[in-house]
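Data first, discussion second: the structure below is written as structure tokens.
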Amino acid sequence: ALPVAPGGGGGPGGMMSEVEVAHASLVPSPGEEDLFELKRRRLSRELLRLLNNVYMGDDKAEAVERWLQKHLDWDASAPVDTLSHWTALHFAAIHNRPSLMRYLLNRNTNTMTPNKYGNIPLHIALKYNPTAEATRLLVVRSPLEAFEVTNNEGLKPLEQLRKIPPVVMELLPRKLQKELSPRGLGMVMSMRFPPSSAAAHHGGEEPHHEGRRLSM
């Protein structure tokens with residue numbers, strides 16, 4: 001046990017127990033907290049710059065993957081900006097980047113983090129790229145409850161899926177298949193992927209969304 005200043009707590013005789021010493025060592029000083037926050041903001045800006053370029057091509061998406069591999073302790077589920085609260089999954093979804101989407105999903109990134117408009121990545125993917133490969137990956141790997149998330153406009157991903165005729169998403173969980181095909185059509189039609197990416201689909205420009213290029 002270690003001595004403590006008078007009035008500083010501790011056990012008999014003003015001594016700190018081993019448990020108290022261990023706990024005290026985990027509490028950062030105010031200066032350490034400031035340094036941690038500054039580092040977090042710097043890293044967040046780095047990642048945001050990379051994500052803002054994902055629309056330019058797969059090589060830009062690969063740069064994001066390399067950054068995340070370098071920073072394995074980074075919470076990839078957290079929003080990377082303070083304005084529209086987009087996550088890396090939102091970017092992968094709107095720009096149809098299957099490799100980045102797969103990496104994030106394999107990293108167990110939370111698929112249900114909403115942006116400031118209440119849109120989770122599924123909302124974005126189904127709005128801008130309903131038949132794209134990245135969207136299918138997200139649909140297949142998202143939990144069923146994600147399809148019931150209501151955004152600020154009262155829209156659910158499940159309702160978005162029902163509005164995509166005549167495409168039927170393949171490889172969906174059985175429960176979701178029943179929701180989407182009440183007449184028993186099942187998986188009669190398979191999903192077809194257009195050759196164009198999100199950028200090509202929108203004339204080479206980034207699709208318009210809440211906060212076109214995001215900033216800290």
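Order determines the names: the first chain of the structure tokens is A, the second B, and so forth; residues in each chain are numbered 1 upward, and ligands are numbered 1 upward as they are shown.
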Surrounding residues of segment 64-67 of chain A excluding itself and chain neighbours under 2 positions, 8 Å, only C-alpha atoms, as a list in words
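These residues fall inside the cut-off: Leu47, Leu50, Leu51, Lys60, Ala61, Glu62, Gln69, Lys70, His71, Leu100 and Tyr103 of chain A.
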Generate the output file for the selected residues, N, CA, C and O atoms, as an mmCIF file, in the first residue's frame.
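Result file again35.cif:
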data_model
loop_
_atom_site.group_PDB
_atom_site.id
_atom_site.type_symbol
_atom_site.label_atom_id
_atom_site.label_comp_id
_atom_site.auth_asym_id
_atom_site.auth_seq_id
_atom_site.Cartn_x
_atom_site.Cartn_y
_atom_site.Cartn_z
ATOM 1 N N LEU A 47 -8.883 10.995 -41.630
ATOM 2 C CA LEU A 47 -9.785 10.005 -42.212
ATOM 3 C C LEU A 47 -10.855 10.680 -43.059
ATOM 4 O O LEU A 47 -11.219 10.183 -44.131
ATOM 5 N N LEU A 50 -9.610 11.526 -46.497
ATOM 6 C CA LEU A 50 -9.533 10.336 -47.342
ATOM 7 C C LEU A 50 -10.923 9.907 -47.820
ATOM 8 O O LEU A 50 -11.115 9.560 -48.992
ATOM 9 N N LEU A 51 -11.884 9.937 -46.921
ATOM 10 C CA LEU A 51 -13.242 9.521 -47.281
ATOM 11 C C LEU A 51 -13.876 10.473 -48.283
ATOM 12 O O LEU A 51 -14.662 10.059 -49.140
ATOM 13 N N LYS A 60 -8.741 5.297 -54.133
ATOM 14 C CA LYS A 60 -8.985 6.179 -52.991
ATOM 15 C C LYS A 60 -9.632 5.408 -51.846
ATOM 16 O O LYS A 60 -9.364 5.667 -50.667
ATOM 17 N N ALA A 61 -10.478 4.443 -52.189
ATOM 18 C CA ALA A 61 -11.084 3.597 -51.165
ATOM 19 C C ALA A 61 -10.027 2.721 -50.504
ATOM 20 O O ALA A 61 -10.068 2.476 -49.289
ATOM 21 N N GLU A 62 -9.062 2.263 -51.315
ATOM 22 C CA GLU A 62 -7.978 1.453 -50.766
ATOM 23 C C GLU A 62 -7.126 2.275 -49.793
ATOM 24 O O GLU A 62 -6.606 1.729 -48.812
ATOM 25 N N GLN A 69 -6.259 0.107 -41.355
ATOM 26 C CA GLN A 69 -5.386 -0.987 -40.947
ATOM 27 C C GLN A 69 -4.238 -0.467 -40.089
ATOM 28 O O GLN A 69 -3.764 -1.150 -39.183
ATOM 29 N N LYS A 70 -3.809 0.742 -40.371
ATOM 30 C CA LYS A 70 -2.733 1.365 -39.593
ATOM 31 C C LYS A 70 -3.228 1.785 -38.215
ATOM 32 O O LYS A 70 -2.466 1.799 -37.247
ATOM 33 N N HIS A 71 -4.514 2.111 -38.128
ATOM 34 C CA HIS A 71 -5.098 2.570 -36.864
ATOM 35 C C HIS A 71 -6.184 1.585 -36.428
ATOM 36 O O HIS A 71 -7.383 1.887 -36.479
ATOM 37 N N LEU A 100 -14.111 -1.641 -49.815
ATOM 38 C CA LEU A 100 -14.145 -0.894 -48.559
ATOM 39 C C LEU A 100 -15.324 -1.336 -47.709
ATOM 40 O O LEU A 100 -15.189 -1.490 -46.482
ATOM 41 N N TYR A 103 -14.415 -4.649 -46.148
ATOM 42 C CA TYR A 103 -13.434 -4.467 -45.077
ATOM 43 C C TYR A 103 -14.109 -3.957 -43.810
ATOM 44 O O TYR A 103 -13.852 -4.463 -42.708
#
Write out as JSON lines the residues of segment 96-124 of chain A that have any atom within 10 Å of an atom of segment 73-80 of chain A, one row each with the nearest atom pair and its distance in Å to one decimal, counting only C-alpha atoms, sorted by chain and then rising number.
{"residue": "A:Leu104", "atom": "CA", "partner": "A:Ala76", "partner_atom": "CA", "distance": 7.4}
{"residue": "A:Leu105", "atom": "CA", "partner": "A:Ala76", "partner_atom": "CA", "distance": 9.9}
{"residue": "A:Arg107", "atom": "CA", "partner": "A:Ala76", "partner_atom": "CA", "distance": 8.2}
{"residue": "A:Asn108", "atom": "CA", "partner": "A:Ser77", "partner_atom": "CA", "distance": 8.5}
{"residue": "A:Thr109", "atom": "CA", "partner": "A:Ser77", "partner_atom": "CA", "distance": 5.1}
{"residue": "A:Asn110", "atom": "CA", "partner": "A:Ser77", "partner_atom": "CA", "distance": 5.2}
{"residue": "A:Thr111", "atom": "CA", "partner": "A:Ser77", "partner_atom": "CA", "distance": 7.6}
{"residue": "A:Met112", "atom": "CA", "partner": "A:Ser77", "partner_atom": "CA", "distance": 8.8}
{"residue": "A:Thr113", "atom": "CA", "partner": "A:Ser77", "partner_atom": "CA", "distance": 6.9}
{"residue": "A:Pro114", "atom": "CA", "partner": "A:Pro79", "partner_atom": "CA", "distance": 8.7}
{"residue": "A:Asn115", "atom": "CA", "partner": "A:Pro79", "partner_atom": "CA", "distance": 7.7}
{"residue": "A:Lys116", "atom": "CA", "partner": "A:Pro79", "partner_atom": "CA", "distance": 9.9}
Save out the residues we just selected, N, CA, C and O atoms, as a PDB file, in the first residue's frame.
ATOM      1  N   LEU A 104     -14.955  -2.958 -43.944  1.00  0.00           N
ATOM      2  CA  LEU A 104     -15.625  -2.384 -42.777  1.00  0.00           C
ATOM      3  C   LEU A 104     -16.548  -3.396 -42.109  1.00  0.00           C
ATOM      4  O   LEU A 104     -16.613  -3.485 -40.879  1.00  0.00           O
ATOM      5  N   LEU A 105     -17.257  -4.166 -42.905  1.00  0.00           N
ATOM      6  CA  LEU A 105     -18.164  -5.176 -42.345  1.00  0.00           C
ATOM      7  C   LEU A 105     -17.379  -6.279 -41.648  1.00  0.00           C
ATOM      8  O   LEU A 105     -17.782  -6.754 -40.577  1.00  0.00           O
ATOM      9  N   ARG A 107     -14.700  -5.878 -40.202  1.00  0.00           N
ATOM     10  CA  ARG A 107     -14.171  -5.252 -38.997  1.00  0.00           C
ATOM     11  C   ARG A 107     -15.269  -5.063 -37.942  1.00  0.00           C
ATOM     12  O   ARG A 107     -15.053  -4.472 -36.891  1.00  0.00           O
ATOM     13  N   ASN A 108     -16.454  -5.585 -38.254  1.00  0.00           N
ATOM     14  CA  ASN A 108     -17.611  -5.510 -37.343  1.00  0.00           C
ATOM     15  C   ASN A 108     -18.041  -4.070 -37.080  1.00  0.00           C
ATOM     16  O   ASN A 108     -18.452  -3.712 -35.969  1.00  0.00           O
ATOM     17  N   THR A 109     -17.940  -3.248 -38.106  1.00  0.00           N
ATOM     18  CA  THR A 109     -18.405  -1.872 -38.000  1.00  0.00           C
ATOM     19  C   THR A 109     -19.919  -1.857 -37.825  1.00  0.00           C
ATOM     20  O   THR A 109     -20.632  -2.587 -38.506  1.00  0.00           O
ATOM     21  N   ASN A 110     -20.389  -1.012 -36.947  1.00  0.00           N
ATOM     22  CA  ASN A 110     -21.822  -0.920 -36.669  1.00  0.00           C
ATOM     23  C   ASN A 110     -22.563  -0.395 -37.897  1.00  0.00           C
ATOM     24  O   ASN A 110     -22.284   0.704 -38.376  1.00  0.00           O
ATOM     25  N   THR A 111     -23.509  -1.175 -38.411  1.00  0.00           N
ATOM     26  CA  THR A 111     -24.256  -0.788 -39.606  1.00  0.00           C
ATOM     27  C   THR A 111     -25.459   0.091 -39.278  1.00  0.00           C
ATOM     28  O   THR A 111     -26.171   0.516 -40.191  1.00  0.00           O
ATOM     29  N   MET A 112     -25.684   0.366 -38.010  1.00  0.00           N
ATOM     30  CA  MET A 112     -26.889   1.093 -37.622  1.00  0.00           C
ATOM     31  C   MET A 112     -26.599   2.475 -37.032  1.00  0.00           C
ATOM     32  O   MET A 112     -27.440   3.060 -36.347  1.00  0.00           O
ATOM     33  N   THR A 113     -25.415   3.021 -37.304  1.00  0.00           N
ATOM     34  CA  THR A 113     -25.108   4.370 -36.834  1.00  0.00           C
ATOM     35  C   THR A 113     -25.778   5.387 -37.758  1.00  0.00           C
ATOM     36  O   THR A 113     -25.487   5.410 -38.961  1.00  0.00           O
ATOM     37  N   PRO A 114     -26.660   6.229 -37.254  1.00  0.00           N
ATOM     38  CA  PRO A 114     -27.359   7.192 -38.112  1.00  0.00           C
ATOM     39  C   PRO A 114     -26.577   8.481 -38.303  1.00  0.00           C
ATOM     40  O   PRO A 114     -25.763   8.865 -37.465  1.00  0.00           O
ATOM     41  N   ASN A 115     -26.830   9.154 -39.427  1.00  0.00           N
ATOM     42  CA  ASN A 115     -26.286  10.498 -39.591  1.00  0.00           C
ATOM     43  C   ASN A 115     -27.287  11.494 -39.007  1.00  0.00           C
ATOM     44  O   ASN A 115     -28.276  11.114 -38.382  1.00  0.00           O
ATOM     45  N   LYS A 116     -27.060  12.774 -39.201  1.00  0.00           N
ATOM     46  CA  LYS A 116     -27.902  13.784 -38.548  1.00  0.00           C
ATOM     47  C   LYS A 116     -29.338  13.760 -39.070  1.00  0.00           C
ATOM     48  O   LYS A 116     -30.241  14.311 -38.440  1.00  0.00           O
TER      49      LYS A 116
END
Can you list, as a CSV table (one decimal) with all heavy atoms, in the first residue's frame, every protein, DNA or RNA residue that comes within 8 Å of Met101 of chain A when you count only C-alpha atoms, leaving out same-chain residues fewer than 3 positions away?
chain,number,residue,atom,x,y,z
A,89,LEU,N,-19.0,3.8,-43.4
A,89,LEU,CA,-19.9,3.0,-44.1
A,89,LEU,C,-20.9,3.8,-45.0
A,89,LEU,O,-21.3,3.4,-46.1
A,89,LEU,CB,-20.8,2.2,-43.1
A,89,LEU,CG,-20.2,0.8,-42.7
A,89,LEU,CD1,-21.2,0.2,-41.7
A,89,LEU,CD2,-20.0,-0.1,-43.9
A,92,ALA,N,-18.9,4.4,-48.1
A,92,ALA,CA,-18.7,3.2,-49.0
A,92,ALA,C,-20.1,2.9,-49.6
A,92,ALA,O,-20.1,2.4,-50.8
A,92,ALA,CB,-18.3,2.1,-48.1
A,93,ALA,N,-21.2,3.2,-49.0
A,93,ALA,CA,-22.5,2.9,-49.5
A,93,ALA,C,-22.8,3.8,-50.7
A,93,ALA,O,-23.3,3.4,-51.7
A,93,ALA,CB,-23.5,3.0,-48.4
A,97,ARG,N,-18.4,1.2,-53.1
A,97,ARG,CA,-17.0,0.7,-53.0
A,97,ARG,C,-17.1,-0.6,-52.3
A,97,ARG,O,-17.0,-0.7,-51.0
A,97,ARG,CB,-16.2,1.7,-52.2
A,97,ARG,CG,-16.0,3.0,-52.9
A,97,ARG,CD,-15.4,2.9,-54.3
A,97,ARG,NE,-15.4,4.2,-55.0
A,97,ARG,CZ,-15.6,4.3,-56.3
A,97,ARG,NH1,-15.8,3.2,-57.1
A,97,ARG,NH2,-15.6,5.4,-56.9
A,98,PRO,N,-17.3,-1.7,-53.0
A,98,PRO,CA,-17.5,-3.1,-52.4
A,98,PRO,C,-16.3,-3.5,-51.5
A,98,PRO,O,-16.5,-4.1,-50.5
A,98,PRO,CB,-17.6,-4.0,-53.6
A,98,PRO,CG,-18.1,-3.1,-54.7
A,98,PRO,CD,-17.4,-1.8,-54.5
A,104,LEU,N,-15.0,-3.0,-43.9
A,104,LEU,CA,-15.6,-2.4,-42.8
A,104,LEU,C,-16.5,-3.4,-42.1
A,104,LEU,O,-16.6,-3.5,-40.9
A,104,LEU,CB,-16.4,-1.1,-43.2
A,104,LEU,CG,-15.6,0.1,-43.6
A,104,LEU,CD1,-16.5,1.1,-44.3
A,104,LEU,CD2,-14.9,0.7,-42.4
A,105,LEU,N,-17.3,-4.2,-42.9
A,105,LEU,CA,-18.2,-5.2,-42.3
A,105,LEU,C,-17.4,-6.3,-41.6
A,105,LEU,O,-17.8,-6.8,-40.6
A,105,LEU,CB,-19.1,-5.8,-43.4
A,105,LEU,CG,-20.1,-4.8,-44.1
A,105,LEU,CD1,-20.8,-5.4,-45.3
A,105,LEU,CD2,-21.1,-4.3,-43.0
A,134,ALA,N,-21.9,-3.1,-53.5
A,134,ALA,CA,-21.7,-2.7,-52.1
A,134,ALA,C,-23.0,-2.7,-51.3
A,134,ALA,O,-23.1,-3.1,-50.2
A,134,ALA,CB,-21.1,-1.3,-52.1
A,137,LEU,N,-23.9,-6.3,-50.4
A,137,LEU,CA,-23.1,-6.7,-49.2
A,137,LEU,C,-23.6,-6.1,-47.9
A,137,LEU,O,-23.7,-6.9,-46.9
A,137,LEU,CB,-21.6,-6.2,-49.4
A,137,LEU,CG,-20.8,-6.9,-50.4
A,137,LEU,CD1,-19.5,-6.1,-50.7
A,137,LEU,CD2,-20.5,-8.3,-50.0
A,138,LEU,N,-24.0,-4.9,-48.0
A,138,LEU,CA,-24.6,-4.2,-46.8
A,138,LEU,C,-25.9,-4.8,-46.4
A,138,LEU,O,-26.2,-5.1,-45.2
A,138,LEU,CB,-24.7,-2.7,-47.0
A,138,LEU,CG,-25.2,-1.9,-45.8
A,138,LEU,CD1,-24.2,-2.0,-44.6
A,138,LEU,CD2,-25.3,-0.4,-46.2
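Take atom CA of Asp59 of chain A and atom CA of Asn119 of chain A: the distance between them is 26.4 Å.
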For atom CA of Pro143 of chain A and atom CA of His85 of chain A, determine how far apart the two atoms are, in Å to one decimal place.
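Computing the Euclidean distance for atom CA of Pro143 of chain A and atom CA of His85 of chain A yields 21.0 Å.
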Counting only C-alpha atoms, the residue of A:Val149, A:Val139, A:Leu43, A:Val54 that sits nearest Phe91 of chain A
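Comparing A:Val149, A:Val139, A:Leu43, A:Val54 against Phe91 of chain A, the winner is A:Val54.
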